[in-house]
file upload-v8.pdb (PDB, C-alpha atoms, pLDDT in the B column)
ATOM      1  CA  GLY F   1     -54.477  30.314  -4.551  1.00 64.00           C
ATOM      2  CA  GLY F   2     -52.727  33.642  -4.736  1.00 76.00           C
ATOM      3  CA  PRO F   3     -50.684  35.465  -2.131  1.00 86.00           C
ATOM      4  CA  ILE F   4     -53.026  34.407   0.657  1.00 89.00           C
ATOM      5  CA  THR F   5     -51.469  30.927   0.528  1.00 90.00           C
ATOM      6  CA  TYR F   6     -48.201  32.436   1.743  1.00 92.00           C
ATOM      7  CA  VAL F   7     -50.032  33.896   4.733  1.00 93.00           C
ATOM      8  CA  ILE F   8     -51.626  30.503   5.398  1.00 93.00           C
ATOM      9  CA  SER F   9     -48.181  28.899   5.251  1.00 93.00           C
ATOM     10  CA  ALA F  10     -46.844  31.408   7.781  1.00 94.00           C
ATOM     11  CA  VAL F  11     -49.804  30.735  10.094  1.00 94.00           C
ATOM     12  CA  PHE F  12     -49.119  27.001   9.784  1.00 94.00           C
ATOM     13  CA  VAL F  13     -45.432  27.450  10.666  1.00 95.00           C
ATOM     14  CA  VAL F  14     -46.387  29.391  13.800  1.00 95.00           C
ATOM     15  CA  GLY F  15     -48.887  26.685  14.758  1.00 94.00           C
ATOM     16  CA  ALA F  16     -46.409  23.884  14.072  1.00 94.00           C
ATOM     17  CA  ALA F  17     -43.791  25.605  16.252  1.00 94.00           C
ATOM     18  CA  LEU F  18     -46.329  25.928  19.059  1.00 93.00           C
ATOM     19  CA  ALA F  19     -47.346  22.263  18.693  1.00 92.00           C
ATOM     20  CA  LEU F  20     -43.706  21.184  18.834  1.00 92.00           C
ATOM     21  CA  GLU F  21     -43.034  23.307  21.915  1.00 90.00           C
ATOM     22  CA  ARG F  22     -46.076  21.841  23.686  1.00 87.00           C
ATOM     23  CA  ALA F  23     -45.058  18.290  22.701  1.00 87.00           C
ATOM     24  CA  ILE F  24     -41.633  18.858  24.223  1.00 87.00           C
ATOM     25  CA  ALA F  25     -43.272  20.172  27.418  1.00 81.00           C
ATOM     26  CA  VAL F  26     -45.489  17.090  27.700  1.00 78.00           C
ATOM     27  CA  ILE F  27     -42.635  14.673  26.976  1.00 78.00           C
ATOM     28  CA  SER F  28     -40.343  16.298  29.514  1.00 75.00           C
ATOM     29  CA  ALA F  29     -43.059  16.235  32.178  1.00 68.00           C
ATOM     30  CA  THR F  30     -43.776  12.552  31.607  1.00 67.00           C
ATOM     31  CA  ARG F  31     -40.298  11.322  30.645  1.00 66.00           C
ATOM     32  CA  SER F  32     -39.926   8.594  33.253  1.00 60.00           C
ATOM     33  CA  HIS F  33     -41.971   5.464  33.622  1.00 59.00           C
ATOM     34  CA  PRO F  34     -44.310   6.145  36.581  1.00 59.00           C
ATOM     35  CA  HIS F  35     -44.933   2.465  37.342  1.00 57.00           C
ATOM     36  CA  ARG F  36     -41.283   1.918  38.287  1.00 59.00           C
ATOM     37  CA  LEU F  37     -41.312   5.008  40.500  1.00 60.00           C
ATOM     38  CA  VAL F  38     -44.549   3.941  42.176  1.00 61.00           C
ATOM     39  CA  ALA F  39     -43.133   0.463  42.821  1.00 61.00           C
ATOM     40  CA  GLU F  40     -39.982   1.923  44.394  1.00 61.00           C
ATOM     41  CA  ALA F  41     -41.961   4.388  46.511  1.00 59.00           C
ATOM     42  CA  MET F  42     -44.405   1.697  47.601  1.00 60.00           C
ATOM     43  CA  GLY F  43     -41.478  -0.589  48.489  1.00 58.00           C
ATOM     44  CA  LEU F  44     -40.118   2.106  50.753  1.00 57.00           C
ATOM     45  CA  GLY F  45     -43.607   2.655  52.144  1.00 54.00           C
ATOM     46  CA  ASP F  46     -43.948  -1.034  52.933  1.00 51.00           C
ATOM     47  CA  ARG F  47     -40.838  -0.719  55.076  1.00 49.00           C
ATOM     48  CA  ASN F  48     -42.495   2.255  56.851  1.00 59.00           C
ATOM     49  CA  ASN F  49     -40.017   4.669  55.331  1.00 63.00           C
ATOM     50  CA  ALA F  50     -42.396   7.250  53.860  1.00 65.00           C
ATOM     51  CA  THR F  51     -39.821  10.028  54.266  1.00 69.00           C
ATOM     52  CA  SER F  52     -37.368   8.210  51.974  1.00 69.00           C
ATOM     53  CA  ALA F  53     -40.174   7.563  49.480  1.00 67.00           C
ATOM     54  CA  LEU F  54     -41.033  11.262  49.604  1.00 68.00           C
ATOM     55  CA  GLU F  55     -37.429  12.268  48.876  1.00 69.00           C
ATOM     56  CA  LEU F  56     -37.267   9.728  46.037  1.00 66.00           C
ATOM     57  CA  CYS F  57     -40.346  11.235  44.412  1.00 68.00           C
ATOM     58  CA  ARG F  58     -39.239  14.840  44.929  1.00 65.00           C
ATOM     59  CA  GLY F  59     -35.951  14.073  43.182  1.00 64.00           C
ATOM     60  CA  ALA F  60     -37.554  12.511  40.104  1.00 65.00           C
ATOM     61  CA  GLY F  61     -38.938  15.784  38.694  1.00 63.00           C
ATOM     62  CA  THR F  62     -41.852  14.374  36.690  1.00 67.00           C
ATOM     63  CA  LEU F  63     -45.605  14.882  36.866  1.00 70.00           C
ATOM     64  CA  ALA F  64     -46.216  11.448  38.377  1.00 70.00           C
ATOM     65  CA  ALA F  65     -43.431  11.874  40.909  1.00 72.00           C
ATOM     66  CA  ALA F  66     -44.659  15.286  42.012  1.00 74.00           C
ATOM     67  CA  THR F  67     -48.175  13.949  42.470  1.00 73.00           C
ATOM     68  CA  ILE F  68     -46.954  11.009  44.527  1.00 72.00           C
ATOM     69  CA  ALA F  69     -44.761  13.389  46.554  1.00 75.00           C
ATOM     70  CA  ASP F  70     -47.779  15.536  47.424  1.00 75.00           C
ATOM     71  CA  VAL F  71     -49.679  12.500  48.663  1.00 72.00           C
ATOM     72  CA  LEU F  72     -46.649  11.233  50.601  1.00 72.00           C
ATOM     73  CA  ALA F  73     -46.193  14.687  52.152  1.00 74.00           C
ATOM     74  CA  GLU F  74     -49.691  14.343  53.567  1.00 71.00           C
ATOM     75  CA  ILE F  75     -48.742  10.946  55.018  1.00 69.00           C
ATOM     76  CA  VAL F  76     -45.418  12.160  56.465  1.00 67.00           C
ATOM     77  CA  ASN F  77     -46.873  15.381  57.915  1.00 68.00           C
ATOM     78  CA  PRO F  78     -50.605  14.737  58.285  1.00 67.00           C
ATOM     79  CA  SER F  79     -52.893  17.680  58.948  1.00 68.00           C
ATOM     80  CA  GLY F  80     -55.324  15.332  60.648  1.00 66.00           C
ATOM     81  CA  PRO F  81     -56.207  11.648  60.573  1.00 66.00           C
ATOM     82  CA  ILE F  82     -55.035   9.955  57.365  1.00 65.00           C
ATOM     83  CA  VAL F  83     -58.154   9.133  55.386  1.00 62.00           C
ATOM     84  CA  GLU F  84     -58.086   7.525  51.945  1.00 67.00           C
ATOM     85  CA  GLU F  85     -60.615  10.019  50.562  1.00 71.00           C
ATOM     86  CA  ARG F  86     -58.464  12.973  51.608  1.00 70.00           C
ATOM     87  CA  LEU F  87     -55.413  11.346  49.987  1.00 70.00           C
ATOM     88  CA  ARG F  88     -57.379  10.938  46.748  1.00 72.00           C
ATOM     89  CA  GLU F  89     -58.439  14.580  46.884  1.00 74.00           C
ATOM     90  CA  ARG F  90     -54.836  15.592  47.496  1.00 74.00           C
ATOM     91  CA  ALA F  91     -53.733  13.545  44.451  1.00 74.00           C
ATOM     92  CA  ASP F  92     -56.473  15.059  42.249  1.00 74.00           C
ATOM     93  CA  HIS F  93     -55.523  18.546  43.372  1.00 74.00           C
ATOM     94  CA  ALA F  94     -51.820  17.898  42.751  1.00 73.00           C
ATOM     95  CA  ILE F  95     -52.496  16.574  39.249  1.00 70.00           C
ATOM     96  CA  SER F  96     -54.702  19.509  38.341  1.00 72.00           C
ATOM     97  CA  LEU F  97     -52.113  22.017  39.574  1.00 72.00           C
ATOM     98  CA  ARG F  98     -49.252  20.348  37.728  1.00 70.00           C
ATOM     99  CA  THR F  99     -51.064  19.911  34.415  1.00 71.00           C
ATOM    100  CA  ILE F 100     -51.829  23.626  34.100  1.00 72.00           C
ATOM    101  CA  PRO F 101     -48.324  24.542  32.851  1.00 73.00           C
ATOM    102  CA  ILE F 102     -48.309  21.552  30.501  1.00 74.00           C
ATOM    103  CA  SER F 103     -51.674  22.353  28.929  1.00 77.00           C
ATOM    104  CA  ARG F 104     -50.963  26.073  28.617  1.00 79.00           C
ATOM    105  CA  ARG F 105     -51.430  27.448  25.075  1.00 82.00           C
ATOM    106  CA  ILE F 106     -52.954  24.190  23.783  1.00 85.00           C
ATOM    107  CA  ASP F 107     -56.234  25.978  22.995  1.00 86.00           C
ATOM    108  CA  LEU F 108     -54.279  28.432  20.891  1.00 89.00           C
ATOM    109  CA  LEU F 109     -53.674  25.608  18.398  1.00 89.00           C
ATOM    110  CA  SER F 110     -57.379  25.443  17.533  1.00 90.00           C
ATOM    111  CA  THR F 111     -57.481  29.206  17.077  1.00 92.00           C
ATOM    112  CA  ILE F 112     -54.522  29.062  14.707  1.00 93.00           C
ATOM    113  CA  ALA F 113     -56.109  26.139  12.819  1.00 92.00           C
ATOM    114  CA  ASN F 114     -59.388  28.028  12.466  1.00 92.00           C
ATOM    115  CA  THR F 115     -57.480  31.059  11.244  1.00 93.00           C
ATOM    116  CA  ALA F 116     -55.784  28.974   8.550  1.00 93.00           C
ATOM    117  CA  THR F 117     -59.144  27.606   7.407  1.00 92.00           C
ATOM    118  CA  LEU F 118     -60.749  31.043   7.285  1.00 93.00           C
ATOM    119  CA  LEU F 119     -57.780  32.480   5.421  1.00 93.00           C
ATOM    120  CA  GLY F 120     -58.235  29.681   2.877  1.00 92.00           C
ATOM    121  CA  LEU F 121     -61.867  30.665   2.422  1.00 91.00           C
ATOM    122  CA  LEU F 122     -60.872  34.303   2.094  1.00 91.00           C
ATOM    123  CA  GLY F 123     -58.371  33.333  -0.597  1.00 90.00           C
ATOM    124  CA  THR F 124     -61.108  31.405  -2.384  1.00 88.00           C
ATOM    125  CA  VAL F 125     -63.474  34.375  -2.356  1.00 88.00           C
ATOM    126  CA  ILE F 126     -60.767  36.737  -3.602  1.00 87.00           C
ATOM    127  CA  ALA F 127     -59.701  34.345  -6.365  1.00 84.00           C
ATOM    128  CA  LEU F 128     -63.295  33.666  -7.441  1.00 83.00           C
ATOM    129  CA  ARG F 129     -63.962  37.363  -7.597  1.00 83.00           C
ATOM    130  CA  GLY F 130     -60.939  37.760  -9.862  1.00 79.00           C
ATOM    131  CA  ALA F 131     -61.942  34.776 -12.006  1.00 76.00           C
ATOM    132  CA  LEU F 132     -65.512  35.912 -12.515  1.00 76.00           C
ATOM    133  CA  GLY F 133     -64.735  39.594 -12.867  1.00 70.00           C
ATOM    134  CA  ALA F 134     -65.089  42.574 -10.596  1.00 52.00           C
ATOM    135  CA  PRO F 135     -68.533  43.428  -9.229  1.00 51.00           C
ATOM    136  CA  GLY F 136     -70.572  45.239 -11.828  1.00 48.00           C
ATOM    137  CA  ALA F 137     -68.460  44.028 -14.737  1.00 49.00           C
ATOM    138  CA  ALA F 138     -70.187  42.072 -17.469  1.00 51.00           C
ATOM    139  CA  VAL F 139     -68.942  38.510 -17.593  1.00 53.00           C
ATOM    140  CA  GLY F 140     -71.082  37.516 -20.566  1.00 53.00           C
ATOM    141  CA  ALA F 141     -70.002  35.475 -23.549  1.00 48.00           C
ATOM    142  CA  ALA F 142     -66.611  37.198 -23.745  1.00 54.00           C
ATOM    143  CA  ALA F 143     -65.290  35.203 -20.793  1.00 56.00           C
ATOM    144  CA  ALA F 144     -63.996  31.919 -22.096  1.00 65.00           C
ATOM    145  CA  PRO F 145     -65.037  28.901 -20.036  1.00 71.00           C
ATOM    146  CA  SER F 146     -61.424  27.708 -19.819  1.00 71.00           C
ATOM    147  CA  ILE F 147     -60.355  31.008 -18.234  1.00 71.00           C
ATOM    148  CA  VAL F 148     -63.191  30.827 -15.709  1.00 73.00           C
ATOM    149  CA  ASN F 149     -62.408  27.166 -14.983  1.00 77.00           C
ATOM    150  CA  ALA F 150     -58.744  27.978 -14.349  1.00 77.00           C
ATOM    151  CA  GLY F 151     -59.757  30.795 -12.009  1.00 77.00           C
ATOM    152  CA  VAL F 152     -62.125  28.549 -10.062  1.00 82.00           C
ATOM    153  CA  ALA F 153     -59.419  25.871  -9.761  1.00 82.00           C
ATOM    154  CA  ARG F 154     -56.984  28.491  -8.411  1.00 81.00           C
ATOM    155  CA  ALA F 155     -59.650  29.668  -5.981  1.00 82.00           C
ATOM    156  CA  LEU F 156     -60.284  26.183  -4.622  1.00 87.00           C
ATOM    157  CA  TYR F 157     -56.547  25.705  -4.138  1.00 88.00           C
ATOM    158  CA  ALA F 158     -56.629  28.366  -1.407  1.00 88.00           C
ATOM    159  CA  THR F 159     -59.329  26.451   0.462  1.00 90.00           C
ATOM    160  CA  ALA F 160     -57.348  23.225   0.155  1.00 92.00           C
ATOM    161  CA  VAL F 161     -54.190  24.867   1.512  1.00 92.00           C
ATOM    162  CA  GLY F 162     -56.139  26.294   4.461  1.00 92.00           C
ATOM    163  CA  ILE F 163     -57.624  22.912   5.306  1.00 93.00           C
ATOM    164  CA  MET F 164     -54.281  21.124   4.895  1.00 93.00           C
ATOM    165  CA  ALA F 165     -52.721  23.610   7.313  1.00 93.00           C
ATOM    166  CA  ALA F 166     -55.553  23.290   9.839  1.00 93.00           C
ATOM    167  CA  LEU F 167     -55.823  19.504  10.059  1.00 93.00           C
ATOM    168  CA  PRO F 168     -52.385  18.739  11.543  1.00 92.00           C
ATOM    169  CA  LEU F 169     -52.781  21.594  14.030  1.00 92.00           C
ATOM    170  CA  LEU F 170     -56.148  20.280  15.200  1.00 90.00           C
ATOM    171  CA  LEU F 171     -54.687  16.784  15.508  1.00 91.00           C
ATOM    172  CA  ALA F 172     -51.792  18.190  17.527  1.00 88.00           C
ATOM    173  CA  GLN F 173     -54.238  19.879  19.857  1.00 84.00           C
TER     174      GLN F 173
END
call {"tool": "encode", "arguments": {"input": "upload-v8.pdb", "output": "structure tokens"}}
result
Amino acid sequence: GGPITYVISAVFVVGAALALERAIAVISATRSHPHRLVAEAMGLGDRNNATSALELCRGAGTLAAATIADVLAEIVNPSGPIVEERLRERADHAISLRTIPISRRIDLLSTIANTATLLGLLGTVIALRGALGAPGAAVGAAAAPSIVNAGVARALYATAVGIMAALPLLLAQ
């Protein structure tokens, strides 16, 4: 595959580090079981203690808790009559705002994966050019088939390395 495989490996390491960092961000944002939190908050709500439920959710520090807290804040301090549709809109808005930091840089994984694939193809072209001779050079009968075959095999190795680097990154995305 040539020296380009080292570049592909470096691109993969950068992508893997980014994927790991994003996985940690998602796990930390969703670390608690939201069903238990919802049950506790609803239990407090059943006893007409929405303020305590709000404080419970604000203290949990997870995506689900923050979303529930936004909805409960609307119930505790309504800006008008409490309507189910407005509470749903408030929940949708809260989720969309809180998922932005979690999903940040996720699209970069596909860019890095595509870069690894294209670098693999570049390595293939460079290696094939070396195996078949420089442009304008006569390949002719002097080039032994075994030498050409070895060069083609080396060239295809670069493509394989690029694809092997790209697949886990795309799956991580």
call {"tool": "closest_residue", "arguments": {"input": "upload-v8.pdb", "among": "F:Ala155, F:Ile24, F:Leu167, F:Leu87", "to": "F:Thr124", "atoms": "all atoms listed in the file"}}
result
F:Ala155
call {"tool": "resolve_selection", "arguments": {"input": "upload-v8.pdb", "expression": "the PyMOL selection byres ((chain F and resi 121) around 10)", "output": "ChimeraX atom specification"}}
result
/F:4,115-120,122-127,155-163
call {"tool": "atom_distance", "arguments": {"input": "upload-v8.pdb", "atom1": "atom CA of F:Arg154", "atom2": "atom CA of F:Leu132"}}
result
12.0 Å
call {"tool": "residues_around", "arguments": {"input": "upload-v8.pdb", "residues": "F:Phe12", "least_positions_apart": "4", "cutoff": "9 Å", "atoms": "all atoms listed in the file", "output": "ChimeraX atom specification"}}
result
/F:7-8,16-17,112-113,116,162,165-166,169
call {"tool": "atom_distance", "arguments": {"input": "upload-v8.pdb", "atom1": "atom CA of F:Arg105", "atom2": "atom CA of F:Leu63"}}
result
18.2 Å
